[in-house]
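Shown next: final.cif, containing mmCIF, C-alpha atoms and all ligand atoms.
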```cif
data_upload
#
loop_
_atom_site.group_PDB
_atom_site.id
_atom_site.type_symbol
_atom_site.label_atom_id
_atom_site.label_comp_id
_atom_site.auth_asym_id
_atom_site.auth_seq_id
_atom_site.Cartn_x
_atom_site.Cartn_y
_atom_site.Cartn_z
ATOM 1 C CA MET A 42 23.608 -2.404 -26.735
ATOM 2 C CA THR A 43 24.088 -5.718 -28.518
ATOM 3 C CA GLY A 44 21.876 -8.630 -27.510
ATOM 4 C CA LYS A 45 19.075 -8.558 -25.016
ATOM 5 C CA PRO A 46 19.414 -6.262 -21.999
ATOM 6 C CA LYS A 47 20.129 -8.087 -18.783
ATOM 7 C CA LEU A 48 17.295 -7.850 -16.264
ATOM 8 C CA TRP A 49 17.239 -8.905 -12.611
ATOM 9 C CA VAL A 50 13.846 -9.756 -11.132
ATOM 10 C CA THR A 51 14.476 -9.638 -7.392
ATOM 11 C CA ARG A 52 11.451 -11.657 -6.198
ATOM 12 C CA ARG A 53 9.238 -14.465 -7.451
ATOM 13 C CA LEU A 54 6.692 -12.451 -9.424
ATOM 14 C CA SER A 55 3.657 -14.004 -11.141
ATOM 15 C CA ASP A 56 4.335 -16.876 -13.549
ATOM 16 C CA ALA A 57 3.084 -14.835 -16.517
ATOM 17 C CA THR A 58 5.475 -12.016 -15.595
ATOM 18 C CA LEU A 59 8.447 -14.324 -15.214
ATOM 19 C CA GLU A 60 7.677 -16.046 -18.531
ATOM 20 C CA ARG A 61 7.576 -12.717 -20.321
ATOM 21 C CA ALA A 62 10.737 -11.506 -18.578
ATOM 22 C CA ALA A 63 12.591 -14.692 -19.550
ATOM 23 C CA ARG A 64 11.333 -14.456 -23.152
ATOM 24 C CA ASP A 65 12.222 -10.815 -23.757
ATOM 25 C CA TYR A 66 15.331 -10.311 -21.635
ATOM 26 C CA ASP A 67 18.471 -12.011 -20.518
ATOM 27 C CA ALA A 68 16.716 -12.463 -17.196
ATOM 28 C CA VAL A 69 18.121 -13.393 -13.809
ATOM 29 C CA ILE A 70 15.163 -14.450 -11.689
ATOM 30 C CA ASN A 71 15.184 -14.979 -7.945
ATOM 31 C CA PHE A 72 13.047 -18.116 -7.915
ATOM 32 C CA ASP A 73 13.880 -18.671 -4.230
ATOM 33 C CA ASP A 74 12.034 -15.428 -3.435
ATOM 34 C CA GLY A 75 14.433 -14.590 -0.610
ATOM 35 C CA LEU A 76 15.002 -10.972 0.305
ATOM 36 C CA SER A 77 18.158 -9.480 -1.194
ATOM 37 C CA SER A 78 20.659 -7.752 1.052
ATOM 38 C CA ASP A 79 22.025 -4.265 0.442
ATOM 39 C CA ASP A 80 25.256 -5.903 -0.717
ATOM 40 C CA ASP A 81 23.288 -8.008 -3.239
ATOM 41 C CA LEU A 82 21.698 -4.864 -4.678
ATOM 42 C CA VAL A 83 25.082 -3.237 -5.114
ATOM 43 C CA ALA A 84 26.749 -6.376 -6.518
ATOM 44 C CA MET A 85 23.925 -7.074 -8.980
ATOM 45 C CA SER A 86 23.948 -3.497 -10.254
ATOM 46 C CA ALA A 87 27.294 -4.258 -11.905
ATOM 47 C CA GLN A 88 25.851 -7.301 -13.666
ATOM 48 C CA VAL A 89 22.530 -6.063 -15.050
ATOM 49 C CA ASP A 90 21.081 -3.183 -17.059
ATOM 50 C CA ALA A 91 17.682 -3.204 -15.343
ATOM 51 C CA ILE A 92 16.145 -4.323 -12.066
ATOM 52 C CA ILE A 93 12.525 -5.086 -11.252
ATOM 53 C CA PRO A 94 12.403 -4.901 -7.446
ATOM 54 C CA CYS A 95 9.506 -4.874 -4.991
ATOM 55 C CA HIS A 96 8.933 -2.496 -2.092
ATOM 56 C CA SER A 97 10.901 -4.981 0.035
ATOM 57 C CA GLU A 98 14.227 -3.901 -1.504
ATOM 58 C CA ARG A 99 15.454 -0.570 -0.228
ATOM 59 C CA PHE A 100 17.382 1.750 -2.538
ATOM 60 C CA THR A 101 18.541 4.279 0.040
ATOM 61 C CA ALA A 102 20.771 7.276 -0.718
ATOM 62 C CA GLU A 103 23.719 5.298 0.634
ATOM 63 C CA ILE A 104 23.034 2.370 -1.697
ATOM 64 C CA ALA A 105 22.331 4.681 -4.635
ATOM 65 C CA LYS A 106 25.856 6.069 -4.301
ATOM 66 C CA LYS A 107 27.320 2.563 -4.564
ATOM 67 C CA LEU A 108 25.300 1.361 -7.572
ATOM 68 C CA ASP A 109 27.288 0.520 -10.669
ATOM 69 C CA PRO A 110 26.805 2.755 -13.739
ATOM 70 C CA ARG A 111 25.770 -0.336 -15.705
ATOM 71 C CA LEU A 112 22.343 -0.214 -14.010
ATOM 72 C CA LYS A 113 20.088 2.085 -16.008
ATOM 73 C CA ILE A 114 16.541 1.478 -14.821
ATOM 74 C CA ILE A 115 14.794 0.404 -11.619
ATOM 75 C CA ALA A 116 11.275 -0.580 -12.695
ATOM 76 C CA ASN A 117 9.471 -1.082 -9.400
ATOM 77 C CA HIS A 118 6.811 -3.732 -9.019
ATOM 78 C CA SER A 119 4.859 -1.441 -6.667
ATOM 79 C CA VAL A 120 3.009 1.824 -6.739
ATOM 80 C CA GLY A 121 4.644 3.022 -3.514
ATOM 81 C CA VAL A 122 8.236 4.120 -3.914
ATOM 82 C CA ASP A 123 9.146 5.140 -0.389
ATOM 83 C CA HIS A 124 11.781 2.376 -0.523
ATOM 84 C CA CYS A 125 13.632 4.377 -3.201
ATOM 85 C CA ASP A 126 15.506 7.595 -2.606
ATOM 86 C CA LEU A 127 14.390 9.187 -5.857
ATOM 87 C CA PRO A 128 16.667 12.270 -5.814
ATOM 88 C CA ALA A 129 19.705 10.081 -5.042
ATOM 89 C CA LEU A 130 18.856 7.644 -7.849
ATOM 90 C CA LYS A 131 18.185 10.508 -10.251
ATOM 91 C CA ALA A 132 21.552 12.004 -9.352
ATOM 92 C CA ARG A 133 23.114 8.706 -10.473
ATOM 93 C CA GLY A 134 21.222 8.931 -13.778
ATOM 94 C CA ILE A 135 19.072 5.901 -12.964
ATOM 95 C CA VAL A 136 15.533 5.909 -14.333
ATOM 96 C CA VAL A 137 12.863 4.871 -11.794
ATOM 97 C CA THR A 138 9.293 3.777 -12.542
ATOM 98 C CA ASN A 139 6.360 2.340 -10.567
ATOM 99 C CA THR A 140 3.075 0.528 -11.279
ATOM 100 C CA PRO A 141 0.133 2.868 -10.631
ATOM 101 C CA ASP A 142 -3.524 2.220 -11.590
ATOM 102 C CA VAL A 143 -3.379 -1.546 -11.858
ATOM 103 C CA LEU A 144 -3.569 -2.228 -8.124
ATOM 104 C CA SER A 145 -6.128 0.388 -7.118
ATOM 105 C CA ASP A 146 -9.164 -1.901 -7.037
ATOM 106 C CA ALA A 147 -7.396 -4.765 -5.280
ATOM 107 C CA THR A 148 -6.078 -2.411 -2.588
ATOM 108 C CA ALA A 149 -9.463 -0.717 -2.206
ATOM 109 C CA GLU A 150 -11.013 -4.176 -1.723
ATOM 110 C CA ILE A 151 -8.660 -4.816 1.184
ATOM 111 C CA ALA A 152 -9.482 -1.389 2.651
ATOM 112 C CA MET A 153 -13.170 -2.334 2.460
ATOM 113 C CA LEU A 154 -12.459 -5.716 4.041
ATOM 114 C CA LEU A 155 -10.551 -4.052 6.883
ATOM 115 C CA MET A 156 -13.229 -1.411 7.395
ATOM 116 C CA LEU A 157 -16.050 -3.962 7.553
ATOM 117 C CA GLY A 158 -13.971 -6.534 9.411
ATOM 118 C CA SER A 159 -12.752 -4.187 12.106
ATOM 119 C CA ALA A 160 -16.179 -2.558 12.519
ATOM 120 C CA ARG A 161 -17.953 -5.923 12.837
ATOM 121 C CA HIS A 162 -15.434 -7.980 14.865
ATOM 122 C CA ALA A 163 -14.632 -10.318 11.959
ATOM 123 C CA ALA A 164 -11.255 -11.587 13.150
ATOM 124 C CA GLU A 165 -12.412 -11.921 16.732
ATOM 125 C CA GLY A 166 -15.571 -13.776 15.699
ATOM 126 C CA ASP A 167 -13.653 -16.116 13.425
ATOM 127 C CA HIS A 168 -11.212 -16.854 16.226
ATOM 128 C CA LEU A 169 -14.016 -17.583 18.669
ATOM 129 C CA VAL A 170 -15.811 -20.056 16.403
ATOM 130 C CA ARG A 171 -12.604 -21.661 15.140
ATOM 131 C CA SER A 172 -11.230 -22.181 18.640
ATOM 132 C CA GLY A 173 -14.342 -24.048 19.733
ATOM 133 C CA ASN A 174 -15.071 -21.450 22.420
ATOM 134 C CA TRP A 175 -18.330 -20.099 21.016
ATOM 135 C CA ASP A 176 -20.702 -21.137 23.781
ATOM 136 C CA PHE A 177 -22.730 -17.991 24.280
ATOM 137 C CA TRP A 178 -25.028 -15.680 22.367
ATOM 138 C CA SER A 179 -26.829 -12.567 23.555
ATOM 139 C CA PRO A 180 -28.210 -9.414 21.934
ATOM 140 C CA SER A 181 -25.257 -7.490 23.310
ATOM 141 C CA PHE A 182 -22.686 -9.944 22.003
ATOM 142 C CA MET A 183 -20.099 -8.678 19.454
ATOM 143 C CA VAL A 184 -22.127 -5.607 18.676
ATOM 144 C CA GLY A 185 -20.212 -3.518 16.169
ATOM 145 C CA LYS A 186 -20.400 -0.258 14.347
ATOM 146 C CA GLN A 187 -22.574 -0.020 11.243
ATOM 147 C CA VAL A 188 -20.796 0.999 8.063
ATOM 148 C CA THR A 189 -23.849 1.637 5.884
ATOM 149 C CA GLY A 190 -24.691 5.333 5.867
ATOM 150 C CA ALA A 191 -21.790 6.267 8.192
ATOM 151 C CA ARG A 192 -19.381 9.138 7.626
ATOM 152 C CA LEU A 193 -16.135 8.140 5.907
ATOM 153 C CA GLY A 194 -12.979 10.248 5.706
ATOM 154 C CA ILE A 195 -10.393 9.503 3.016
ATOM 155 C CA VAL A 196 -6.909 10.973 3.294
ATOM 156 C CA GLY A 197 -5.345 10.972 -0.167
ATOM 157 C CA MET A 198 -7.790 10.923 -3.072
ATOM 158 C CA GLY A 199 -5.429 9.463 -5.655
ATOM 159 C CA ARG A 200 -6.249 6.348 -7.626
ATOM 160 C CA VAL A 201 -6.661 4.024 -4.628
ATOM 161 C CA GLY A 202 -8.568 6.637 -2.615
ATOM 162 C CA GLN A 203 -10.960 7.116 -5.525
ATOM 163 C CA ALA A 204 -11.397 3.361 -6.023
ATOM 164 C CA PHE A 205 -12.239 3.110 -2.318
ATOM 165 C CA ALA A 206 -14.695 6.024 -2.538
ATOM 166 C CA ARG A 207 -16.481 4.296 -5.437
ATOM 167 C CA LYS A 208 -16.848 1.126 -3.384
ATOM 168 C CA ALA A 209 -17.937 3.054 -0.268
ATOM 169 C CA ARG A 210 -20.732 4.687 -2.253
ATOM 170 C CA GLY A 211 -22.241 1.218 -2.526
ATOM 171 C CA PHE A 212 -22.621 1.380 1.256
ATOM 172 C CA ASP A 213 -24.337 4.789 1.039
ATOM 173 C CA MET A 214 -21.516 6.353 3.034
ATOM 174 C CA ASP A 215 -21.292 10.097 3.539
ATOM 175 C CA ILE A 216 -17.798 10.510 2.068
ATOM 176 C CA HIS A 217 -15.356 13.313 2.868
ATOM 177 C CA TYR A 218 -11.814 13.648 1.607
ATOM 178 C CA TYR A 219 -8.599 15.539 2.052
ATOM 179 C CA ASN A 220 -6.112 15.812 -0.786
ATOM 180 C CA ARG A 221 -3.296 18.269 -1.395
ATOM 181 C CA THR A 222 -5.337 19.712 -4.226
ATOM 182 C CA ARG A 223 -9.062 19.590 -4.811
ATOM 183 C CA LEU A 224 -10.089 17.175 -7.545
ATOM 184 C CA PRO A 225 -12.379 17.982 -10.464
ATOM 185 C CA PRO A 226 -16.003 16.978 -9.698
ATOM 186 C CA HIS A 227 -15.936 13.804 -11.843
ATOM 187 C CA GLN A 228 -13.095 12.437 -9.682
ATOM 188 C CA GLU A 229 -14.696 13.335 -6.354
ATOM 189 C CA HIS A 230 -17.275 10.532 -6.521
ATOM 190 C CA GLY A 231 -19.731 12.582 -4.524
ATOM 191 C CA ALA A 232 -17.269 13.191 -1.688
ATOM 192 C CA THR A 233 -16.978 16.513 0.144
ATOM 193 C CA TYR A 234 -13.571 18.191 -0.044
ATOM 194 C CA HIS A 235 -11.744 19.414 3.073
ATOM 195 C CA ALA A 236 -8.858 21.830 2.710
ATOM 196 C CA SER A 237 -7.159 20.464 5.843
ATOM 197 C CA VAL A 238 -6.687 17.012 7.356
ATOM 198 C CA GLU A 239 -7.859 18.411 10.687
ATOM 199 C CA SER A 240 -11.223 19.485 9.333
ATOM 200 C CA LEU A 241 -11.650 16.068 7.658
ATOM 201 C CA LEU A 242 -10.866 14.167 10.854
ATOM 202 C CA GLU A 243 -13.734 15.781 12.750
ATOM 203 C CA LYS A 244 -16.144 14.253 10.220
ATOM 204 C CA ALA A 245 -14.626 10.778 10.017
ATOM 205 C CA ASP A 246 -16.399 8.008 11.917
ATOM 206 C CA PHE A 247 -14.334 5.793 9.633
ATOM 207 C CA LEU A 248 -10.972 7.052 8.374
ATOM 208 C CA SER A 249 -9.028 5.390 5.566
ATOM 209 C CA LEU A 250 -5.485 6.378 4.622
ATOM 210 C CA HIS A 251 -4.489 6.389 0.942
ATOM 211 C CA CYS A 252 -1.548 8.761 0.662
ATOM 212 C CA PRO A 253 2.090 7.888 -0.003
ATOM 213 C CA ALA A 254 4.684 7.786 2.777
ATOM 214 C CA THR A 255 6.879 10.861 2.406
ATOM 215 C CA PRO A 256 8.793 12.966 4.943
ATOM 216 C CA GLN A 257 5.654 15.176 5.089
ATOM 217 C CA THR A 258 3.211 12.328 5.786
ATOM 218 C CA THR A 259 5.348 10.257 8.156
ATOM 219 C CA GLY A 260 3.545 10.134 11.518
ATOM 220 C CA LEU A 261 0.532 11.902 9.992
ATOM 221 C CA MET A 262 -1.832 10.128 12.387
ATOM 222 C CA ASN A 263 -0.174 11.198 15.622
ATOM 223 C CA ALA A 264 -1.774 11.554 19.057
ATOM 224 C CA GLU A 265 -3.089 15.057 18.319
ATOM 225 C CA ARG A 266 -4.748 14.077 15.047
ATOM 226 C CA LEU A 267 -6.130 10.787 16.410
ATOM 227 C CA ALA A 268 -7.738 12.869 19.180
ATOM 228 C CA LEU A 269 -9.580 14.924 16.542
ATOM 229 C CA LEU A 270 -11.459 11.862 15.304
ATOM 230 C CA PRO A 271 -14.939 11.429 16.781
ATOM 231 C CA ALA A 272 -15.004 9.108 19.826
ATOM 232 C CA GLY A 273 -15.420 5.521 18.665
ATOM 233 C CA ALA A 274 -13.907 6.101 15.219
ATOM 234 C CA VAL A 275 -12.361 3.283 13.167
ATOM 235 C CA LEU A 276 -8.982 3.728 11.462
ATOM 236 C CA VAL A 277 -8.045 1.811 8.298
ATOM 237 C CA ASN A 278 -4.563 1.820 6.787
ATOM 238 C CA THR A 279 -3.702 0.077 3.531
ATOM 239 C CA ALA A 280 -1.096 2.651 2.451
ATOM 240 C CA ARG A 281 2.098 2.571 4.519
ATOM 241 C CA GLY A 282 2.794 1.907 8.192
ATOM 242 C CA ALA A 283 4.856 5.072 8.474
ATOM 243 C CA LEU A 284 1.693 7.195 8.205
ATOM 244 C CA VAL A 285 0.605 6.129 11.685
ATOM 245 C CA ASP A 286 2.341 6.785 14.985
ATOM 246 C CA GLU A 287 1.817 3.244 16.270
ATOM 247 C CA SER A 288 2.343 4.136 19.953
ATOM 248 C CA ALA A 289 -0.274 6.866 19.668
ATOM 249 C CA LEU A 290 -2.675 4.449 17.966
ATOM 250 C CA LEU A 291 -2.122 1.896 20.710
ATOM 251 C CA ALA A 292 -2.888 4.508 23.366
ATOM 252 C CA ALA A 293 -6.043 5.601 21.496
ATOM 253 C CA ILE A 294 -7.186 1.966 21.219
ATOM 254 C CA GLU A 295 -6.482 1.371 24.902
ATOM 255 C CA SER A 296 -8.381 4.488 25.950
ATOM 256 C CA GLY A 297 -11.317 3.437 23.744
ATOM 257 C CA HIS A 298 -11.216 6.696 21.780
ATOM 258 C CA ILE A 299 -10.528 4.607 18.676
ATOM 259 C CA ALA A 300 -13.009 1.716 18.654
ATOM 260 C CA ALA A 301 -11.129 -0.417 16.160
ATOM 261 C CA ALA A 302 -8.391 -0.381 13.563
ATOM 262 C CA GLY A 303 -7.883 -2.341 10.361
ATOM 263 C CA LEU A 304 -4.252 -2.449 9.293
ATOM 264 C CA ASP A 305 -2.575 -3.983 6.247
ATOM 265 C CA CYS A 306 0.736 -2.220 6.822
ATOM 266 C CA PHE A 307 3.020 -1.507 9.730
ATOM 267 C CA VAL A 308 6.126 0.476 10.567
ATOM 268 C CA THR A 309 8.070 -2.790 10.767
ATOM 269 C CA GLU A 310 7.490 -5.273 7.962
ATOM 270 C CA PRO A 311 7.435 -8.172 7.878
ATOM 271 C CA GLY A 312 6.454 -8.802 11.459
ATOM 272 C CA GLY A 313 4.125 -5.961 12.360
ATOM 273 C CA ASN A 314 3.771 -4.498 15.839
ATOM 274 C CA PRO A 315 3.662 -7.173 18.576
ATOM 275 C CA SER A 316 1.928 -4.728 20.964
ATOM 276 C CA PHE A 317 -1.131 -4.740 18.694
ATOM 277 C CA SER A 318 -1.676 -8.485 19.098
ATOM 278 C CA ALA A 319 -3.223 -8.177 22.559
ATOM 279 C CA HIS A 320 -6.056 -6.057 21.137
ATOM 280 C CA ARG A 321 -8.878 -7.974 19.518
ATOM 281 C CA ASN A 322 -10.239 -4.811 17.983
ATOM 282 C CA ILE A 323 -7.154 -4.413 15.806
ATOM 283 C CA PHE A 324 -7.778 -6.442 12.658
ATOM 284 C CA MET A 325 -4.455 -7.090 10.923
ATOM 285 C CA LEU A 326 -3.362 -8.388 7.534
ATOM 286 C CA PRO A 327 0.199 -8.961 6.273
ATOM 287 C CA HIS A 328 0.503 -6.286 3.523
ATOM 288 C CA ILE A 329 -1.699 -8.062 0.963
ATOM 289 C CA GLY A 330 -3.459 -5.038 -0.549
ATOM 290 C CA SER A 331 -2.443 -5.843 -4.115
ATOM 291 C CA ALA A 332 -2.296 -9.620 -3.711
ATOM 292 C CA THR A 333 -4.741 -10.929 -6.297
ATOM 293 C CA VAL A 334 -3.791 -13.058 -9.295
ATOM 294 C CA ARG A 335 -5.101 -10.494 -11.765
ATOM 295 C CA THR A 336 -3.401 -7.566 -10.069
ATOM 296 C CA ARG A 337 -0.058 -9.285 -9.620
ATOM 297 C CA ASP A 338 -0.028 -10.162 -13.341
ATOM 298 C CA ALA A 339 -0.934 -6.573 -14.185
ATOM 299 C CA MET A 340 1.782 -5.170 -11.903
ATOM 300 C CA GLY A 341 4.421 -7.437 -13.433
ATOM 301 C CA PHE A 342 3.346 -6.532 -16.960
ATOM 302 C CA ARG A 343 3.282 -2.836 -16.135
ATOM 303 C CA ALA A 344 6.835 -3.034 -14.771
ATOM 304 C CA LEU A 345 7.927 -4.890 -17.920
ATOM 305 C CA ASP A 346 6.151 -2.346 -20.136
ATOM 306 C CA ASN A 347 8.277 0.330 -18.477
ATOM 307 C CA VAL A 348 11.483 -1.640 -19.066
ATOM 308 C CA ASP A 349 10.456 -2.304 -22.700
ATOM 309 C CA ALA A 350 9.799 1.388 -23.290
ATOM 310 C CA PHE A 351 13.135 2.382 -21.808
ATOM 311 C CA PHE A 352 15.179 -0.029 -23.932
ATOM 312 C CA SER A 353 13.308 0.869 -27.098
ATOM 313 C CA GLY A 354 14.124 4.540 -26.595
ATOM 314 C CA ARG A 355 10.668 5.660 -25.465
ATOM 315 C CA THR A 356 9.785 7.422 -22.225
ATOM 316 C CA PRO A 357 8.412 4.827 -19.802
ATOM 317 C CA LYS A 358 4.741 5.502 -19.033
ATOM 318 C CA ASP A 359 5.351 5.499 -15.288
ATOM 319 C CA LEU A 360 8.564 7.489 -15.163
ATOM 320 C CA LEU A 361 8.932 9.138 -11.766
HETATM 321 C C1 LIG B 1 2.611 -1.118 -3.501
HETATM 322 O O1 LIG B 1 2.485 -1.385 -4.695
HETATM 323 O O2 LIG B 1 3.109 -0.081 -3.109
HETATM 324 C C2 LIG B 1 2.104 -2.131 -2.539
HETATM 325 O O3 LIG B 1 2.265 -1.733 -1.227
HETATM 326 C C3 LIG B 1 2.744 -3.484 -2.766
HETATM 327 O O4 LIG B 1 4.088 -3.358 -2.845
#
```
What does the file become when written as structure tokens?
Amino acid sequence: MTGKPKLWVTRRLSDATLERAARDYDAVINFDDGLSSDDDLVAMSAQVDAIIPCHSERFTAEIAKKLDPRLKIIANHSVGVDHCDLPALKARGIVVTNTPDVLSDATAEIAMLLMLGSARHAAEGDHLVRSGNWDFWSPSFMVGKQVTGARLGIVGMGRVGQAFARKARGFDMDIHYYNRTRLPPHQEHGATYHASVESLLEKADFLSLHCPATPQTTGLMNAERLALLPAGAVLVNTARGALVDESALLAAIESGHIAAAGLDCFVTEPGGNPSFSAHRNIFMLPHIGSATVRTRDAMGFRALDNVDAFFSGRTPKDLL
């Protein structure tokens, strides 16, 4: 290839990332930050050698078939890659990478915020004070569930699950985890391994989801599994909306079996699930797990590192 490779950055990434992209590549940057259509993805594939997309752009099998052979690498600015049909992209010879590690702490912070916030009525309390309607106090007012010393179940003990376990240890939680394979002791962070999700659920007064969305994990938290949680459990999801059967969660919230939920992701994004809004014990955030300045810089740089490696003939660190 003569000259700099042409790179399309599909969203407005951090300033440091965009500066580096513009310096090192013939970069096309979407400063408007608008979401690209499927047609845009296909059209741009004929004009660039590399794309840095976010999880908001969907590279389905159908789109993969239409991509132009000019496109050589999709370097995702995300750890989750459920928006990419990896076998279909591989079949087209397109290299795909993601950005693991760098967002684990930021996402675990949001899981902690959701766990504490949903257990202790944070959003509801804020709303009450802010709306000027706080005119009452009693010992039985906004009584929540104590996190310190409680039993925590983690589904998916990858990097984010481990970062969350480390933080939960600071709250003296009795941590249990399920993972496809048992981790070596130094990665268990004192947590007890369960060989099945079902056995984990029985121990989880708080349950936090940290596994990827795959055909196997879609609808993981269905009515049957929600019923296995102890009465009054709290569910936290910072992974992907698809892991939770939202109708089943709604029913479990309405019956009181689930005391509260803290959700950063939803089946439909953006937007979320309008049926959740009527329930004050569902604490919701708009998919901001990795949204810190430091993490967004690190994600952008990690995506660029992968593009750099590819065009200098090395194997990208985060090749999928
Ligand atoms: C990820 O990296 O997968 C986060 O959900 C943000 O896209």
* Using only C-alpha atoms, which residue out of A:Asn322, A:Asp167, A:Asp123, A:Arg221 lies closest to Thr259 (chain A)? ->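 Among the listed residues, the smallest separation from Thr259 (chain A) belongs to A:Asp123.
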* Asked: Around (2.7, -1.8, 14.2) in the file's frame, which residues reach within 9 Å when counting all atoms listed in the file? Return as a VMD selection string?
  -> chain A and resid 282 285 to 288 291 304 306 to 310 312 to 317
* Taking the file as shown, what set of residues would the PyMOL selection byres (((not hetatm)) within 6 of (chain B and resi 1)) give back, as a ChimeraX atom specification? -> /A:96,119-121,331
* Exercise: region 262-273 of chain A partners within 8 Å, only C-alpha atoms, chain neighbours under 4 positions left out, as a PyMOL selection string -> chain A and resi 239+242-246+284-286+289-290+293+297-301
* Convert the output of the PyMOL selection byres (((chain A and resi 196-199) around 7) and not hetatm) on the shown file into explicit residues, formatted as a PyMOL selection string. => chain A and resi 194-195+200-203+218-220+249-252
* To do: Would you kindly translate the PyMOL selection byres (((chain A and resi 91) around 9) and not hetatm) into the concrete residues it picks from this file, as JSON, numbers by chain?
  => {"A": [46, 47, 48, 49, 50, 86, 89, 90, 92, 93, 111, 112, 113, 114, 115, 116, 348]}
* To do: To one decimal in Å, tell me the separation between CA of Leu76 (chain A) and CA of Thr336 (chain A).
  =>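 Result for CA of Leu76 (chain A) versus CA of Thr336 (chain A): 21.4 Å, one decimal.
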* Select, from A:Ala302, A:Ala68, A:Asp109, A:Leu54, the residue with the minimum atom-to-atom distance to Asp81 (chain A), counting only C-alpha atoms. =>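 The closest residue to Asp81 (chain A) is A:Asp109.
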* Asked: Quick one: of A:Arg207, A:Arg99, A:Lys107, A:His118, who's nearest to Phe342 (chain A), counting all atoms listed in the file?
  ->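 Looking at the shortest contact to Phe342 (chain A), the residue is A:His118.
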* With distances taken over only C-alpha atoms, which of A:Val136, A:Ala62, A:Ile294, A:Met156 is nearest to Pro357 (chain A)? ->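 Among the listed residues, A:Val136 lies closest to Pro357 (chain A).
Minimum distance to Arg52 (chain A) across A:Phe247, A:Lys106, A:Ser78, A:Ser97 (counting only C-alpha atoms) occurs at A:Ser97.
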* Could you work out how far CA of Pro128 (chain A) lies from CA of Ile70 (chain A), giving the answer in Å with one decimal? ->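 These atoms are spaced 27.4 Å apart.
Shortest atom-to-atom contact with Leu360 (chain A) among A:Pro141, A:Gly190, A:Gly173, A:Gly185: A:Pro141, counting only C-alpha atoms.
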* One decimal, Å: what's the distance from CA of Arg133 (chain A) over to CA of Phe352 (chain A), could you say? => 17.9 Å
* What lies within 12 Å of Glu150 (chain A) using all atoms listed in the file, ignoring chain neighbours under 4 positions off, as a PyMOL selection string? -> chain A and resi 144-146+154-158+201-209+279+305+329-333+336
Box dimensions and centre (Å, one decimal) enclosing region 120-138 of chain A, axis-aligned, 8 Å extra per side, as JSON:
```
{"center_x": 13.1, "center_y": 7.0, "center_z": -7.4, "size_x": 36.1, "size_y": 26.4, "size_z": 29.9}
```
* **Neighbour list for Asp74 (chain A) as an MDAnalysis selection string, cut-off 6 Å, only C-alpha atoms, skip fewer than 2 positions in-chain** => chainID A and resid 52:53 71:72
I need the chosen residues saved as a short mmCIF file (atom, residue, chain, number, x, y, z; two decimals), in the coordinates of the input, with C-alpha atoms.
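Saved as result-v5.cif:
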```
data_model
loop_
_atom_site.label_atom_id
_atom_site.label_comp_id
_atom_site.auth_asym_id
_atom_site.auth_seq_id
_atom_site.Cartn_x
_atom_site.Cartn_y
_atom_site.Cartn_z
CA ARG A 52 11.45 -11.66 -6.20
CA ARG A 53 9.24 -14.46 -7.45
CA ASN A 71 15.18 -14.98 -7.94
CA PHE A 72 13.05 -18.12 -7.92
#
```
